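File shown here: structure36.csv, holding CSV, C-alpha atoms.
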chain,number,residue,atom,x,y,z
A,1416,MET,CA,3.7,-13.5,1.6
A,1417,PHE,CA,7.3,-12.4,1.5
A,1418,VAL,CA,8.8,-9.2,0.1
A,1419,SER,CA,10.9,-11.3,-2.2
A,1420,ARG,CA,7.8,-12.6,-4.0
A,1421,SER,CA,6.1,-9.2,-4.3
A,1422,MET,CA,9.0,-6.7,-5.1
A,1423,THR,CA,9.9,-5.4,-8.5
A,1424,ARG,CA,13.2,-7.2,-9.4
A,1425,ARG,CA,14.1,-5.3,-12.6
A,1426,VAL,CA,14.9,-2.0,-10.9
A,1427,VAL,CA,15.6,1.3,-12.7
A,1428,THR,CA,18.8,2.7,-11.0
A,1429,ILE,CA,21.1,5.6,-11.4
A,1430,GLY,CA,24.6,6.6,-10.2
A,1431,PRO,CA,25.3,9.4,-7.8
A,1432,GLU,CA,27.3,11.4,-10.3
A,1433,ALA,CA,24.5,11.6,-12.9
A,1434,SER,CA,22.9,15.0,-13.5
A,1435,ILE,CA,19.4,15.8,-12.1
A,1436,PHE,CA,18.2,16.1,-15.7
A,1437,ASP,CA,19.4,12.6,-16.4
A,1438,ALA,CA,17.4,11.5,-13.3
A,1439,GLN,CA,14.3,13.4,-14.4
A,1440,ASP,CA,14.5,12.0,-18.0
A,1441,LEU,CA,15.0,8.4,-16.7
A,1442,MET,CA,12.0,8.8,-14.3
A,1443,ALA,CA,9.7,10.1,-17.0
A,1444,LYS,CA,10.8,7.4,-19.5
A,1445,SER,CA,10.5,4.6,-17.0
A,1446,ARG,CA,7.3,5.9,-15.5
A,1447,VAL,CA,8.5,5.5,-11.9
A,1448,ARG,CA,8.6,7.9,-9.0
A,1449,HIS,CA,11.6,6.5,-7.1
A,1450,ILE,CA,15.0,5.6,-8.4
A,1451,PRO,CA,17.5,3.9,-6.1
A,1452,VAL,CA,21.0,5.4,-6.4
A,1453,VAL,CA,23.8,2.8,-6.5
A,1454,GLU,CA,27.5,2.6,-6.8
A,1455,GLU,CA,29.8,-0.2,-8.0
A,1456,GLY,CA,28.6,-3.7,-7.0
A,1457,ASN,CA,24.9,-2.4,-7.0
A,1458,THR,CA,25.5,-1.1,-3.5
A,1459,LEU,CA,22.7,1.2,-2.4
A,1460,VAL,CA,23.8,4.7,-1.4
A,1461,GLY,CA,20.6,6.7,-1.7
A,1462,ILE,CA,17.3,7.2,-3.4
A,1463,VAL,CA,15.9,10.0,-5.5
A,1464,SER,CA,12.2,10.7,-5.8
A,1465,ASP,CA,10.0,12.9,-8.0
A,1466,ARG,CA,9.6,15.1,-5.0
A,1467,ASP,CA,13.4,15.6,-4.7
A,1468,LEU,CA,13.4,16.6,-8.4
A,1469,ARG,CA,10.5,19.0,-8.0
A,1470,SER,CA,12.3,20.7,-5.1
A,1471,ALA,CA,15.5,21.0,-7.1
A,1472,LEU,CA,14.2,22.1,-10.5
A,1473,PRO,CA,12.2,25.3,-11.2
A,1474,PHE,CA,8.4,24.8,-11.4
A,1475,ARG,CA,8.4,26.1,-15.0
A,1476,TYR,CA,10.7,23.2,-16.0
A,1477,PHE,CA,7.8,20.7,-15.6
A,1478,LYS,CA,5.2,23.0,-17.2
A,1479,GLU,CA,6.7,25.0,-20.1
A,1480,GLY,CA,10.4,24.3,-19.9
A,1481,ILE,CA,13.3,26.6,-19.0
A,1482,SER,CA,15.8,28.5,-21.0
A,1483,ALA,CA,19.2,27.1,-22.1
A,1484,GLU,CA,20.9,29.6,-19.7
A,1485,GLU,CA,18.8,28.5,-16.8
A,1486,LYS,CA,19.5,24.8,-17.6
A,1487,SER,CA,23.2,25.5,-17.9
A,1488,LYS,CA,23.2,26.9,-14.3
A,1489,LEU,CA,21.7,23.7,-13.0
A,1490,GLN,CA,23.7,21.3,-15.2
A,1491,ASP,CA,26.3,20.8,-12.5
A,1492,LEU,CA,23.8,19.7,-9.9
A,1493,ARG,CA,24.2,16.0,-9.4
A,1494,VAL,CA,21.9,13.3,-8.1
A,1495,LYS,CA,24.2,13.0,-5.0
A,1496,ASP,CA,23.3,16.6,-4.2
A,1497,ILE,CA,19.6,16.0,-3.9
A,1498,MET,CA,19.1,12.3,-3.1
A,1499,THR,CA,18.0,11.0,0.3
A,1500,ARG,CA,21.0,9.3,1.9
A,1501,LYS,CA,19.3,7.8,5.0
A,1502,VAL,CA,17.1,5.4,3.1
A,1503,PHE,CA,14.5,3.2,4.7
A,1504,THR,CA,15.1,-0.3,3.3
A,1505,ILE,CA,13.7,-3.7,3.8
A,1506,SER,CA,15.0,-7.3,3.6
A,1507,PRO,CA,13.7,-9.8,1.0
A,1508,GLY,CA,12.8,-12.1,4.0
A,1509,TYR,CA,10.3,-9.7,5.5
A,1510,THR,CA,6.6,-10.1,4.9
A,1511,ILE,CA,4.3,-7.7,3.0
A,1512,GLN,CA,2.6,-6.9,6.4
A,1513,ASP,CA,6.0,-5.7,7.7
A,1514,ALA,CA,6.5,-3.6,4.6
A,1515,LEU,CA,3.0,-2.0,4.9
A,1516,LEU,CA,3.7,-0.9,8.4
A,1517,MET,CA,7.2,0.4,7.5
A,1518,ILE,CA,5.8,2.5,4.6
A,1519,GLN,CA,3.0,3.8,6.8
A,1520,ASN,CA,5.4,4.7,9.7
A,1521,ALA,CA,8.2,6.1,7.5
A,1522,LYS,CA,5.7,8.0,5.2
A,1523,VAL,CA,7.5,6.9,2.1
A,1524,GLY,CA,6.3,5.7,-1.2
A,1525,ALA,CA,8.7,2.8,-1.8
A,1526,LEU,CA,11.3,0.7,0.0
A,1527,PRO,CA,14.5,-0.5,-1.7
A,1528,VAL,CA,15.0,-4.2,-0.9
A,1529,VAL,CA,18.6,-5.0,0.0
A,1530,ASP,CA,20.6,-8.0,1.2
A,1531,GLU,CA,22.7,-8.2,4.3
A,1532,ASN,CA,25.6,-6.5,2.5
A,1533,GLY,CA,23.5,-3.5,1.4
A,1534,ARG,CA,23.3,-4.7,-2.3
A,1535,LEU,CA,20.1,-3.8,-4.1
A,1536,LYS,CA,17.9,-6.7,-4.9
A,1537,GLY,CA,14.6,-5.0,-5.8
A,1538,ILE,CA,12.2,-2.3,-4.8
A,1539,LEU,CA,8.8,-2.5,-3.2
A,1540,SER,CA,6.4,0.3,-3.9
A,1541,VAL,CA,2.9,1.1,-2.7
A,1542,ARG,CA,1.7,-0.2,-6.1
A,1543,ASP,CA,3.5,-3.5,-5.5
A,1544,LEU,CA,1.9,-3.8,-2.1
A,1545,LEU,CA,-1.6,-3.1,-3.5
A,1546,ARG,CA,-1.1,-5.8,-6.1
A,1547,ALA,CA,0.1,-8.3,-3.4
A,1548,PHE,CA,-2.9,-7.6,-1.1
A,1549,ILE,CA,-5.3,-7.9,-4.0
A,1550,ASN,CA,-3.9,-11.4,-4.7
A,1551,VAL,CA,-3.9,-12.3,-1.0
A,1552,LEU,CA,-7.4,-11.2,-0.4
A,1553,GLY,CA,-8.8,-12.7,-3.5
A,1554,ILE,CA,-10.6,-9.4,-4.5
A,1555,GLY,CA,-9.4,-9.6,-8.0
A,1556,GLN,CA,-12.3,-11.8,-8.7
A,1557,PRO,CA,-16.0,-10.6,-8.9
A,1558,GLY,CA,-17.7,-10.8,-5.5
A,1559,THR,CA,-19.3,-9.0,-2.6
A,1560,LEU,CA,-17.9,-7.7,0.7
A,1561,LEU,CA,-20.1,-8.1,3.8
A,1562,CYS,CA,-19.6,-6.7,7.3
A,1563,ILE,CA,-20.8,-8.7,10.3
A,1564,LEU,CA,-20.8,-7.5,13.8
A,1565,VAL,CA,-19.9,-10.3,16.3
A,1566,GLU,CA,-19.1,-10.8,19.9
A,1567,GLU,CA,-15.5,-11.3,20.7
A,1568,LYS,CA,-15.4,-14.9,21.8
A,1569,VAL,CA,-14.0,-18.2,20.5
A,1570,GLY,CA,-15.9,-19.9,17.8
A,1571,GLN,CA,-17.7,-16.9,16.2
A,1572,LEU,CA,-15.6,-16.9,13.0
A,1573,LYS,CA,-16.0,-20.6,12.5
A,1574,LYS,CA,-19.7,-20.4,13.0
A,1575,ILE,CA,-20.0,-17.8,10.3
A,1576,VAL,CA,-17.7,-19.6,7.9
A,1577,ASP,CA,-19.5,-22.9,8.4
A,1578,ALA,CA,-22.9,-21.3,7.8
A,1579,ILE,CA,-21.9,-19.6,4.6
A,1580,THR,CA,-20.0,-22.6,3.3
A,1581,GLU,CA,-23.1,-24.8,3.9
A,1582,MET,CA,-25.0,-22.5,1.4
A,1583,GLY,CA,-22.5,-23.4,-1.3
A,1584,VAL,CA,-20.8,-20.0,-1.3
A,1585,SER,CA,-17.0,-19.7,-1.7
A,1586,PHE,CA,-14.7,-17.2,0.1
A,1587,GLY,CA,-12.2,-14.9,-1.4
A,1588,SER,CA,-10.9,-13.9,2.0
A,1589,VAL,CA,-12.0,-13.1,5.6
A,1590,LEU,CA,-10.7,-10.2,7.6
A,1591,VAL,CA,-11.4,-9.4,11.3
A,1592,ALA,CA,-11.1,-5.8,12.5
A,1593,ARG,CA,-11.3,-4.1,15.9
A,1594,TYR,CA,-14.6,-2.4,16.8
A,1595,TRP,CA,-15.2,0.6,18.9
A,1596,GLU,CA,-17.5,-1.2,21.3
A,1597,GLU,CA,-15.7,-3.4,23.9
A,1598,ASP,CA,-16.0,-7.1,23.3
A,1599,LYS,CA,-17.1,-6.7,19.7
A,1600,ARG,CA,-15.4,-7.4,16.4
A,1601,ALA,CA,-16.3,-6.6,12.8
A,1602,VAL,CA,-15.9,-9.6,10.4
A,1603,PHE,CA,-15.4,-8.9,6.7
A,1604,PRO,CA,-16.0,-11.9,4.4
A,1605,TYR,CA,-15.4,-11.3,0.7
A,1606,LEU,CA,-17.7,-13.8,-1.0
A,1607,LEU,CA,-17.1,-14.9,-4.6
A,1608,THR,CA,-20.7,-14.2,-5.7
A,1609,GLN,CA,-22.8,-11.2,-6.2
A,1610,ASN,CA,-26.0,-13.0,-5.1
A,1611,VAL,CA,-25.8,-12.7,-1.3
A,1612,ALA,CA,-29.4,-12.0,-0.4
A,1613,HIS,CA,-29.9,-15.5,1.0
A,1614,VAL,CA,-26.6,-15.2,2.9
A,1615,LYS,CA,-27.6,-12.0,4.6
A,1616,LYS,CA,-31.0,-13.5,5.5
A,1617,LYS,CA,-29.4,-16.5,7.0
A,1618,LEU,CA,-26.9,-14.4,9.1
A,1619,LYS,CA,-29.6,-12.2,10.4
A,1620,GLU,CA,-31.7,-15.3,11.4
A,1621,MET,CA,-28.6,-16.4,13.3
A,1622,GLY,CA,-28.7,-13.2,15.3
A,1623,TYR,CA,-25.9,-11.3,13.7
A,1624,THR,CA,-26.0,-7.6,12.8
A,1625,LEU,CA,-24.9,-6.7,9.3
A,1626,LEU,CA,-23.3,-3.3,8.7
A,1627,ASP,CA,-22.6,-1.4,5.5
A,1628,PRO,CA,-18.8,-2.3,4.9
A,1629,MET,CA,-18.3,1.1,3.3
A,1630,GLN,CA,-19.7,3.1,6.3
A,1631,TRP,CA,-19.2,1.0,9.4
A,1632,TYR,CA,-16.1,2.7,10.7
A,1633,MET,CA,-17.2,6.3,10.2
A,1634,ASP,CA,-20.6,5.6,11.7
A,1635,GLN,CA,-19.0,4.1,14.8
A,1636,LEU,CA,-16.6,6.9,15.5
A,1637,PRO,CA,-16.9,8.6,18.9
A,1638,GLU,CA,-19.1,11.7,18.6
A,1639,GLU,CA,-16.2,14.1,19.3
A,1640,ASP,CA,-14.3,12.6,16.3
A,1641,ARG,CA,-17.3,12.6,13.9
A,1642,PRO,CA,-17.5,15.2,11.1
A,1643,PRO,CA,-20.2,17.8,11.7
A,1644,ASP,CA,-22.5,16.5,9.0
A,1645,LYS,CA,-22.3,12.9,10.1
A,1646,PRO,CA,-25.3,12.0,12.3
A,1647,LYS,CA,-24.9,10.0,15.5
A,1648,PRO,CA,-26.2,6.4,15.0

Would you mind writing the structure in this file as structure tokens?
Amino acid sequence: MFVSRSMTRRVVTIGPEASIFDAQDLMAKSRVRHIPVVEEGNTLVGIVSDRDLRSALPFRYFKEGISAEEKSKLQDLRVKDIMTRKVFTISPGYTIQDALLMIQNAKVGALPVVDENGRLKGILSVRDLLRAFINVLGIGQPGTLLCILVEEKVGQLKKIVDAITEMGVSFGSVLVARYWEEDKRAVFPYLLTQNVAHVKKKLKEMGYTLLDPMQWYMDQLPEEDRPPDKPKP
């Protein structure tokens, strides 16, 4: 899935000469946490976040307000004075997997989407990514997540999919993750049913080990990385 299909197209923007109070009011009214800063031609020149505003405005402003005198002293502070100028951006042609890695590595909450000329086309937030992955993984529908430990060799995934399909159970998605043991993988099928007792029974009869999908990773951490209250398996 491409960024162009997942981004928010109707973006709330602001100009660099706007006051920080205008930015705060716009952010509160629009219920967003990031506002791209654009100049003529919708050219991106920066981004202002709720964190930028909290750093620029007194803490009391957000709790109980500030006096007219205090506000007057801050009135000349412009968006251009507090915005982030070196913005992490992404192209509409990138995938949501690319975007997820960029957000993780850059430690930002949103990526403005720009074309080759630096013109703003949309914005992709963490919320947009979550919505996209919910759709991709099919977990918006009622179902059950399983975790199956398998050997890392060709044909294992097909064997599992065929066995479950033969029982008349539909898949929402299937993910495969690395496992801490060498030559092992964890397979996570999301099944579009809540009646999975017969599926689990069949998989165990086939020799597979089933793990609790909510606990598998923590339980398999090396002992030195395990929290003190987490017993060794």

Go through region 1439-1534 of chain A residue by residue and, counting only C-alpha atoms, keep those with an atom at most 9 Å from region 1541-1546 of chain A; for each kept residue give the shortest atom pair and its distance in Å to one decimal, ordered by chain and increasing number, as JSON lines.
{"residue": "A:Ile1511", "atom": "CA", "partner": "A:Leu1544", "partner_atom": "CA", "distance": 6.9}
{"residue": "A:Ala1514", "atom": "CA", "partner": "A:Leu1544", "partner_atom": "CA", "distance": 8.1}
{"residue": "A:Leu1515", "atom": "CA", "partner": "A:Leu1544", "partner_atom": "CA", "distance": 7.3}
{"residue": "A:Ile1518", "atom": "CA", "partner": "A:Val1541", "partner_atom": "CA", "distance": 8.0}
{"residue": "A:Val1523", "atom": "CA", "partner": "A:Val1541", "partner_atom": "CA", "distance": 8.8}
{"residue": "A:Gly1524", "atom": "CA", "partner": "A:Val1541", "partner_atom": "CA", "distance": 5.9}
{"residue": "A:Ala1525", "atom": "CA", "partner": "A:Val1541", "partner_atom": "CA", "distance": 6.1}
{"residue": "A:Leu1526", "atom": "CA", "partner": "A:Val1541", "partner_atom": "CA", "distance": 8.8}

Need to verify the contact set: Gln1571 (chain A), 12 Å, only C-alpha atoms, exclusion of same-chain residues closer than 6 positions in sequence. Can you return it as a list of chain:residue names? A:Ile1563, A:Leu1564, A:Val1565, A:Asp1577, A:Ala1578, A:Val1591, A:Lys1599, A:Arg1600, A:Ala1601, A:Val1602, A:Leu1618, A:Met1621, A:Gly1622, A:Tyr1623

Can you tell me which residues surround Leu1552 (chain A) at a distance of at most 7 Å, considering all atoms listed in the file, apart from same-chain residues fewer than 4 positions away, and format the answer as a ChimeraX atom specification? /A:1548,1587-1588

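Across A:Lys1501, A:Arg1448, A:Arg1493, A:Lys1488, the tightest approach to Gly1461 (chain A) is made by A:Lys1501 when counting only C-alpha atoms.
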
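What separates CA of Phe1586 (chain A) from CA of Glu1567 (chain A) is a distance of 21.4 Å.
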
For CA of Leu1606 (chain A) and CA of Gln1519 (chain A), quote the distance in Å rounded to one decimal. 28.3 Å

Residue contacts of Leu1472 (chain A) (9 Å, all atoms listed in the file) excluding same-chain residues fewer than 5 positions away, as a VMD selection string: chain A and resid 1435 to 1436 1467 1477 1489

Those selected residues, please, written with C-alpha atoms and delivered as a CSV table (one decimal), in the coordinates of the input.
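Saved result, again39.csv, follows:
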chain,number,residue,atom,x,y,z
A,1435,ILE,CA,19.4,15.8,-12.1
A,1436,PHE,CA,18.2,16.1,-15.7
A,1467,ASP,CA,13.4,15.6,-4.7
A,1477,PHE,CA,7.8,20.7,-15.6
A,1489,LEU,CA,21.7,23.7,-13.0

I'd like to know which of A:Ala1612, A:Asp1513, A:Ile1554, A:Ser1434 is closest to Ser1487 (chain A), using only C-alpha atoms. A:Ser1434

All residues 12 Å or closer to Glu1485 (chain A), only C-alpha atoms, same chain fewer than 6 positions away omitted, as a CSV table (one decimal) with C-alpha atoms, in the frame of the given file:
chain,number,residue,atom,x,y,z
A,1472,LEU,CA,14.2,22.1,-10.5
A,1473,PRO,CA,12.2,25.3,-11.2
A,1475,ARG,CA,8.4,26.1,-15.0
A,1476,TYR,CA,10.7,23.2,-16.0
A,1491,ASP,CA,26.3,20.8,-12.5

Env of Arg1446 (chain A): 12 Å cut, atoms = only C-alpha atoms, seq-sep filter 5 positions within chain, self excluded. Answer as a PyMOL selection string. chain A and resi 1426-1427+1438-1441+1464-1465

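Proximity ranking of A:Ile1429, A:Ile1538, A:Leu1560, A:Leu1607 relative to Leu1590 (chain A) places A:Leu1560 first, based on only C-alpha atoms.
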
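Here CA of Val1453 (chain A) and CA of Ile1505 (chain A) stand 15.8 Å from one another.
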
Gly1456 (chain A) proximity check over A:Pro1431, A:Gly1533, A:Gly1508, A:Gly1480, using only C-alpha atoms: winner is A:Gly1533

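In terms of minimum interatomic distance to Arg1466 (chain A), A:Thr1499 ranks closest within A:Thr1499, A:Ser1445, A:Asn1520, A:Thr1510, counting only C-alpha atoms.
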
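When all atoms listed in the file are used to compute distances to Lys1617 (chain A), the closest of the residues A:Glu1484, A:Asp1437, A:Glu1432, A:Glu1581 turns out to be A:Glu1581.
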